[in-house]
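S.K.: Have a peek at model.cif (mmCIF, C-alpha atoms, pLDDT in the B column; chains and numbers go by the auth columns).
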```cif
data_target
loop_
_atom_site.group_PDB
_atom_site.id
_atom_site.type_symbol
_atom_site.label_atom_id
_atom_site.label_comp_id
_atom_site.label_asym_id
_atom_site.label_seq_id
_atom_site.Cartn_x
_atom_site.Cartn_y
_atom_site.Cartn_z
_atom_site.B_iso_or_equiv
_atom_site.auth_seq_id
_atom_site.auth_asym_id
ATOM 1 C CA MET A 1 25.993 -12.005 -4.840 92.00 1 L
ATOM 2 C CA GLN A 2 22.979 -13.958 -3.683 95.00 2 L
ATOM 3 C CA ALA A 3 20.074 -11.623 -2.860 97.00 3 L
ATOM 4 C CA PHE A 4 16.501 -12.185 -1.719 96.00 4 L
ATOM 5 C CA LEU A 5 13.480 -10.122 -0.883 96.00 5 L
ATOM 6 C CA ILE A 6 11.750 -11.961 1.924 97.00 6 L
ATOM 7 C CA ARG A 7 8.088 -11.101 2.187 96.00 7 L
ATOM 8 C CA VAL A 8 7.172 -10.892 5.865 96.00 8 L
ATOM 9 C CA THR A 9 3.553 -10.984 6.953 94.00 9 L
ATOM 10 C CA GLU A 10 1.517 -9.774 9.894 93.00 10 L
ATOM 11 C CA ASP A 11 0.790 -13.370 10.934 94.00 11 L
ATOM 12 C CA GLY A 12 4.509 -14.250 11.144 94.00 12 L
ATOM 13 C CA LYS A 13 5.060 -15.973 7.804 95.00 13 L
ATOM 14 C CA ALA A 14 8.041 -15.437 5.506 96.00 14 L
ATOM 15 C CA GLN A 15 8.273 -16.087 1.771 95.00 15 L
ATOM 16 C CA PRO A 16 11.617 -15.679 -0.026 96.00 16 L
ATOM 17 C CA VAL A 17 11.721 -14.064 -3.477 95.00 17 L
ATOM 18 C CA PRO A 18 15.111 -14.530 -5.182 96.00 18 L
ATOM 19 C CA LEU A 19 16.572 -11.540 -7.022 96.00 19 L
ATOM 20 C CA THR A 20 18.100 -13.372 -9.996 94.00 20 L
ATOM 21 C CA HIS A 21 18.003 -10.576 -12.596 95.00 21 L
ATOM 22 C CA ASP A 22 20.142 -7.467 -12.862 97.00 22 L
ATOM 23 C CA ARG A 23 16.859 -5.526 -12.936 97.00 23 L
ATOM 24 C CA THR A 24 13.862 -6.751 -10.931 97.00 24 L
ATOM 25 C CA LEU A 25 10.652 -4.893 -11.705 97.00 25 L
ATOM 26 C CA VAL A 26 7.941 -4.767 -9.006 96.00 26 L
ATOM 27 C CA GLY A 27 4.354 -3.943 -9.978 96.00 27 L
ATOM 28 C CA ARG A 28 0.933 -5.150 -11.137 95.00 28 L
ATOM 29 C CA LEU A 29 1.664 -5.916 -14.805 95.00 29 L
ATOM 30 C CA ASP A 30 2.592 -9.305 -16.220 94.00 30 L
ATOM 31 C CA ASP A 31 6.055 -8.093 -17.316 95.00 31 L
ATOM 32 C CA CYS A 32 7.092 -7.568 -13.648 95.00 32 L
ATOM 33 C CA GLN A 33 9.357 -10.152 -12.038 95.00 33 L
ATOM 34 C CA VAL A 34 7.644 -9.498 -8.686 94.00 34 L
ATOM 35 C CA ARG A 35 3.962 -9.234 -9.595 95.00 35 L
ATOM 36 C CA ILE A 36 1.584 -7.932 -6.935 94.00 36 L
ATOM 37 C CA ARG A 37 -2.123 -7.909 -7.758 92.00 37 L
ATOM 38 C CA SER A 38 -3.327 -4.973 -5.677 92.00 38 L
ATOM 39 C CA GLY A 39 -4.906 -1.623 -6.450 92.00 39 L
ATOM 40 C CA LYS A 40 -2.399 -0.028 -4.050 93.00 40 L
ATOM 41 C CA ILE A 41 0.451 -1.059 -6.340 95.00 41 L
ATOM 42 C CA SER A 42 1.258 0.826 -9.546 97.00 42 L
ATOM 43 C CA ARG A 43 1.635 -1.019 -12.845 96.00 43 L
ATOM 44 C CA HIS A 44 5.406 -0.500 -12.653 97.00 44 L
ATOM 45 C CA HIS A 45 5.852 0.489 -9.012 98.00 45 L
ATOM 46 C CA CYS A 46 9.588 0.209 -8.347 98.00 46 L
ATOM 47 C CA GLU A 47 12.695 -1.640 -9.440 98.00 47 L
ATOM 48 C CA ILE A 48 15.714 -3.213 -7.797 98.00 48 L
ATOM 49 C CA LEU A 49 18.983 -2.972 -9.696 98.00 49 L
ATOM 50 C CA LYS A 50 21.784 -5.425 -8.969 97.00 50 L
ATOM 51 C CA ASP A 51 25.295 -4.213 -9.812 95.00 51 L
ATOM 52 C CA GLY A 52 28.036 -6.522 -8.573 92.00 52 L
ATOM 53 C CA GLU A 53 27.721 -6.584 -4.790 93.00 53 L
ATOM 54 C CA SER A 54 25.282 -3.688 -4.528 97.00 54 L
ATOM 55 C CA LEU A 55 21.498 -3.318 -4.771 98.00 55 L
ATOM 56 C CA THR A 56 19.660 -0.092 -5.584 98.00 56 L
ATOM 57 C CA LEU A 57 15.942 0.505 -5.048 98.00 57 L
ATOM 58 C CA LYS A 58 14.203 3.042 -7.328 98.00 58 L
ATOM 59 C CA ASP A 59 10.616 4.231 -7.184 98.00 59 L
ATOM 60 C CA LEU A 60 9.156 4.477 -10.702 98.00 60 L
ATOM 61 C CA GLY A 61 6.746 7.339 -10.048 97.00 61 L
ATOM 62 C CA SER A 62 4.296 5.118 -8.172 96.00 62 L
ATOM 63 C CA SER A 63 1.042 6.594 -6.905 94.00 63 L
ATOM 64 C CA ASN A 64 1.432 5.431 -3.298 94.00 64 L
ATOM 65 C CA GLY A 65 5.208 5.537 -2.990 96.00 65 L
ATOM 66 C CA THR A 66 7.981 3.109 -2.186 97.00 66 L
ATOM 67 C CA PHE A 67 9.235 3.068 1.399 98.00 67 L
ATOM 68 C CA LEU A 68 12.615 2.003 2.754 98.00 68 L
ATOM 69 C CA ASN A 69 12.773 1.606 6.523 97.00 69 L
ATOM 70 C CA GLN A 70 9.521 3.642 6.824 96.00 70 L
ATOM 71 C CA GLU A 71 10.870 6.551 4.745 97.00 71 L
ATOM 72 C CA LYS A 72 9.480 7.379 1.316 97.00 72 L
ATOM 73 C CA ILE A 73 12.275 7.212 -1.247 97.00 73 L
ATOM 74 C CA ASP A 74 12.942 7.991 -4.875 98.00 74 L
ATOM 75 C CA GLU A 75 16.207 6.043 -4.972 98.00 75 L
ATOM 76 C CA ALA A 76 18.357 4.381 -2.308 98.00 76 L
ATOM 77 C CA THR A 77 21.152 1.846 -1.885 98.00 77 L
ATOM 78 C CA LEU A 78 19.999 -1.293 -0.078 98.00 78 L
ATOM 79 C CA LYS A 79 21.823 -3.112 2.678 98.00 79 L
ATOM 80 C CA PRO A 80 21.086 -6.384 4.494 97.00 80 L
ATOM 81 C CA GLY A 81 18.209 -6.067 6.965 97.00 81 L
ATOM 82 C CA ASP A 82 16.528 -3.137 5.193 98.00 82 L
ATOM 83 C CA LEU A 83 12.732 -3.190 5.036 98.00 83 L
ATOM 84 C CA ILE A 84 10.906 -2.254 1.841 97.00 84 L
ATOM 85 C CA ALA A 85 7.184 -1.429 1.958 97.00 85 L
ATOM 86 C CA VAL A 86 5.157 -1.480 -1.250 96.00 86 L
ATOM 87 C CA GLY A 87 1.435 -0.986 -0.675 93.00 87 L
ATOM 88 C CA SER A 88 0.600 -3.149 2.336 92.00 88 L
ATOM 89 C CA LEU A 89 3.434 -5.620 1.648 95.00 89 L
ATOM 90 C CA VAL A 90 6.726 -5.603 3.531 97.00 90 L
ATOM 91 C CA PHE A 91 9.941 -7.201 2.282 97.00 91 L
ATOM 92 C CA LEU A 92 13.180 -7.834 4.174 97.00 92 L
ATOM 93 C CA VAL A 93 16.386 -7.438 2.141 98.00 93 L
ATOM 94 C CA GLN A 94 18.682 -10.434 2.542 98.00 94 L
ATOM 95 C CA MET A 95 22.131 -10.372 0.935 97.00 95 L
ATOM 96 C CA ASN A 96 24.508 -13.355 1.011 96.00 96 L
ATOM 97 C CA GLY A 97 22.477 -14.901 3.841 95.00 97 L
ATOM 98 C CA ASP A 98 22.532 -11.770 6.021 97.00 98 L
ATOM 99 C CA PRO A 99 20.451 -11.427 8.168 97.00 99 L
ATOM 100 C CA GLU A 100 20.294 -15.123 9.013 94.00 100 L
ATOM 101 C CA GLU A 101 17.589 -14.943 11.666 94.00 101 L
ATOM 102 C CA PHE A 102 14.602 -12.625 11.886 94.00 102 L
ATOM 103 C CA ASP A 103 11.075 -12.399 13.295 94.00 103 L
ATOM 104 C CA PRO A 104 8.654 -11.846 10.374 94.00 104 L
ATOM 105 C CA GLU A 105 5.812 -10.591 12.576 92.00 105 L
ATOM 106 C CA LEU A 106 7.941 -7.852 14.187 93.00 106 L
ATOM 107 C CA LEU A 107 9.554 -6.923 10.881 94.00 107 L
ATOM 108 C CA TYR A 108 6.149 -6.506 9.258 94.00 108 L
ATOM 109 C CA GLU A 109 5.180 -3.879 11.843 92.00 109 L
ATOM 110 C CA ASP A 110 8.622 -2.243 11.666 92.00 110 L
ATOM 111 C CA GLY A 111 8.473 -2.068 7.874 93.00 111 L
ATOM 112 C CA LEU A 112 5.127 -0.334 7.453 90.00 112 L
ATOM 113 C CA PRO A 113 5.503 3.418 7.076 90.00 113 L
ATOM 114 C CA GLU A 114 4.246 5.697 9.812 80.00 114 L
ATOM 115 C CA ARG A 115 0.985 7.222 8.618 63.00 115 L
ATOM 116 C CA PRO A 116 0.685 10.861 9.673 54.00 116 L
ATOM 117 C CA ASP A 117 -3.047 10.756 8.885 48.00 117 L
ATOM 118 C CA ALA A 118 -3.439 8.314 11.801 42.00 118 L
ATOM 119 C CA ASP A 119 -2.893 11.338 14.064 40.00 119 L
ATOM 120 C CA PRO A 120 -6.356 12.939 14.593 47.00 120 L
ATOM 121 C CA GLU A 121 -4.970 16.512 14.588 46.00 121 L
ATOM 122 C CA TYR A 122 -3.086 15.906 11.342 39.00 122 L
ATOM 123 C CA ALA A 123 -6.154 14.281 9.771 43.00 123 L
ATOM 124 C CA ALA A 124 -8.413 17.179 10.812 48.00 124 L
ATOM 125 C CA ALA A 125 -6.013 19.732 9.375 44.00 125 L
ATOM 126 C CA HIS A 126 -5.482 17.844 6.112 41.00 126 L
ATOM 127 C CA THR A 127 -8.938 16.427 5.370 42.00 127 L
ATOM 128 C CA PRO A 128 -10.386 18.066 2.254 45.00 128 L
ATOM 129 C CA LYS A 129 -13.563 20.016 2.869 45.00 129 L
ATOM 130 C CA PRO A 130 -16.589 18.944 0.800 45.00 130 L
ATOM 131 C CA VAL A 131 -17.306 21.113 -2.205 43.00 131 L
ATOM 132 C CA HIS A 132 -20.971 21.822 -2.901 42.00 132 L
ATOM 133 C CA GLN A 133 -21.630 22.661 -6.500 44.00 133 L
ATOM 134 C CA HIS A 134 -24.804 23.526 -8.314 46.00 134 L
ATOM 135 C CA ALA A 135 -25.962 21.026 -10.892 46.00 135 L
ATOM 136 C CA PRO A 136 -27.804 22.680 -13.767 46.00 136 L
ATOM 137 C CA THR A 137 -30.903 20.899 -15.031 45.00 137 L
ATOM 138 C CA ALA A 138 -32.601 20.847 -18.412 48.00 138 L
ATOM 139 C CA THR A 139 -35.059 23.523 -17.229 49.00 139 L
ATOM 140 C CA GLY A 140 -32.236 25.908 -16.319 49.00 140 L
ATOM 141 C CA ASP A 141 -32.810 25.336 -12.583 47.00 141 L
ATOM 142 C CA ASP A 142 -29.469 25.659 -10.835 44.00 142 L
ATOM 143 C CA SER A 143 -30.624 24.519 -7.396 40.00 143 L
ATOM 144 C CA SER A 144 -28.016 22.625 -5.457 39.00 144 L
ATOM 145 C CA MET A 145 -27.896 18.857 -5.189 41.00 145 L
ATOM 146 C CA MET A 146 -27.226 17.291 -1.801 38.00 146 L
ATOM 147 C CA ASP A 147 -26.485 13.776 -0.689 41.00 147 L
ATOM 148 C CA PHE A 148 -28.304 12.412 2.323 38.00 148 L
ATOM 149 C CA ASN A 149 -27.428 9.435 4.445 41.00 149 L
ATOM 150 C CA PHE A 150 -30.413 7.260 5.259 36.00 150 L
ATOM 151 C CA GLU A 151 -30.605 4.222 7.444 42.00 151 L
ATOM 152 C CA PHE A 152 -33.120 1.610 6.441 37.00 152 L
ATOM 153 C CA ASP A 153 -34.565 -0.905 8.837 42.00 153 L
ATOM 154 C CA LEU A 154 -34.830 -4.038 6.752 40.00 154 L
ATOM 155 C CA ASP A 155 -36.269 -6.053 9.618 46.00 155 L
ATOM 156 C CA ASP A 156 -39.469 -7.885 8.649 48.00 156 L
ATOM 157 C CA ASP A 157 -41.091 -7.164 12.006 49.00 157 L
ATOM 158 C CA GLU A 158 -44.606 -6.038 10.980 48.00 158 L
ATOM 159 C CA ASP A 159 -45.492 -4.765 14.467 50.00 159 L
ATOM 160 C CA GLU A 160 -43.229 -1.758 14.034 52.00 160 L
ATOM 161 C CA GLN A 161 -44.715 -0.680 10.696 49.00 161 L
ATOM 162 C CA PRO A 162 -47.286 2.130 10.856 48.00 162 L
ATOM 163 C CA PRO A 163 -50.674 1.395 9.304 52.00 163 L
ATOM 164 C CA LEU A 164 -51.185 2.686 5.784 50.00 164 L
#
```
Can you give me the file's structure in the form of structure tokens?
M.R.:
Amino acid sequence: MQAFLIRVTEDGKAQPVPLTHDRTLVGRLDDCQVRIRSGKISRHHCEILKDGESLTLKDLGSSNGTFLNQEKIDEATLKPGDLIAVGSLVFLVQMNGDPEEFDPELLYEDGLPERPDADPEYAAAHTPKPVHQHAPTATGDDSSMMDFNFEFDLDDDEDEQPPL
């Protein structure tokens, strides 16, 4: 079987990645056959296993998950036309030349997982609340520490500066 992962991009480009090994490791480390230098990708993120005429995708306990057709998976059998999302990258599965034709720009959007945190109600309900803790000092003072946001005007306009 001839199999490819075709990286599709938001700007409509496509880059084929041949799956020539029985086990193709995807991740950040140098021992991966598909190496992706991104903090969103785990060192050993996922693997694709080729067995005769079948391909299996397995997540390897990645931090951000492996997605197949927008669904987070642990393990799944691949078929032609499937979309794999790893971090912000999307790959089209091509097996024995199928699918022949495709639109990379549309597939990129179709391959990215739906993000429930994009929904404002979901985000509000699932956003962690800040925890204020007391920071002890050398003098035994346990007064609380707070962060403040300041905006600085770095404009060199001397007319706006108050006299000293």
S.K.: Could you check which of L:Ile84, L:Ala14, L:Leu78, L:Leu106 is closest to Glu53 in chain L, using only C-alpha atoms?
M.R.: L:Leu78
S.K.: Rank nothing, just name the residue among L:Asp22, L:Glu109, L:Glu10, L:Asp98 nearest to Ser54 in chain L, using only C-alpha atoms.
M.R.: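 With only C-alpha atoms as the atom set, the closest residue is L:Asp22.
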S.K.: With only C-alpha atoms as the atoms that count, which of L:Val8, L:Leu19, L:Leu83, L:Cys32 lies nearest to Leu55 in chain L?
M.R.: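 Closest residue, counting only C-alpha atoms: L:Leu19.
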S.K.: Mind giving me the straight-line distance from CA of Thr56 in chain L to CA of Asp11 in chain L in Å, one decimal?
M.R.: 28.4 Å
S.K.: One decimal, Å: what's the distance from CA of Arg43 in chain L over to CA of Asn64 in chain L, could you say?
M.R.: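 Taking CA of Arg43 in chain L as the start and CA of Asn64 in chain L as the end point, the length is 11.5 Å.
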S.K.: Go through L:Gly65, L:Ile48, L:Thr77, L:Leu89 one by one, measure the shortest atom-to-atom distance of each to Gln15 in chain L using all atoms listed in the file, and give the residue with the smallest value.
M.R.: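 Closest to Gln15 in chain L, using all atoms listed in the file: L:Leu89.
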S.K.: Could you give me, as a list in words, the residues within 9 Å of His21 in chain L, counting all atoms listed in the file and dropping anything in the same chain fewer than 6 positions from it?
M.R.: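 Contacts, in chain order: Gln33, Leu49 and Lys50 of chain L.
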S.K.: Within 8 Å of (10.0, -16.5, -1.8) in the file's own coordinates, which protein, DNA or RNA residues have an atom, counting only C-alpha atoms? List them as a ChimeraX atom specification.
M.R.: /L:4-7,14-18
S.K.: Next, the residues of the selection above should be written as a compact mmCIF listing (two decimals), in the frame of the given file with C-alpha atoms.
M.R.:
```
# COMPACT_ATOMS: atom_id res chain seq x y z
CA PHE L 4 16.50 -12.18 -1.72
CA LEU L 5 13.48 -10.12 -0.88
CA ILE L 6 11.75 -11.96 1.92
CA ARG L 7 8.09 -11.10 2.19
CA ALA L 14 8.04 -15.44 5.51
CA GLN L 15 8.27 -16.09 1.77
CA PRO L 16 11.62 -15.68 -0.03
CA VAL L 17 11.72 -14.06 -3.48
CA PRO L 18 15.11 -14.53 -5.18
```
S.K.: As an exercise, work out the distance from CA of Asp59 in chain L to CA of Ala3 in chain L in Å and give it to one decimal place.
M.R.: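 According to the coordinates, CA of Asp59 in chain L and CA of Ala3 in chain L are separated by 19.0 Å.
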S.K.: Extract, using only C-alpha atoms, all DNA, RNA and protein residues at most 12 Å from Arg37 in chain L, discarding same-chain residues fewer than 6 positions from it, and format them as a list in words.
M.R.: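 In the requested format, the answer is Val26, Gly27, Arg28, Leu29, Asp30, Arg43, His44, His45, Val86, Gly87, Ser88 and Leu89 of chain L.
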S.K.: For the file shown, report as a VMD selection string the outcome of the PyMOL selection byres ((chain L and resi 103) around 9) at residue level.
M.R.: chain L and resid 8 12 to 14 101 to 102 104 to 108
S.K.: Counting all atoms listed in the file, figure out which residue out of L:Lys79, L:Gly39, L:Pro113, L:Asp51 gets nearest to Met1 in chain L.
M.R.: L:Asp51
S.K.: Quick one: residues within 7 Å of Pro80 in chain L, all atoms listed in the file counted, chain neighbours fewer than 3 positions away excluded, as a list in words?
M.R.: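 Final neighbour list, sorted by chain and number: Val93, Gln94, Met95, Asp98 and Pro99 of chain L.
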S.K.: Nearest to Gly52 in chain L among L:Lys72, L:Phe67, L:Gln2, L:Leu25, with distances taken over only C-alpha atoms: which residue is it?
M.R.: L:Gln2
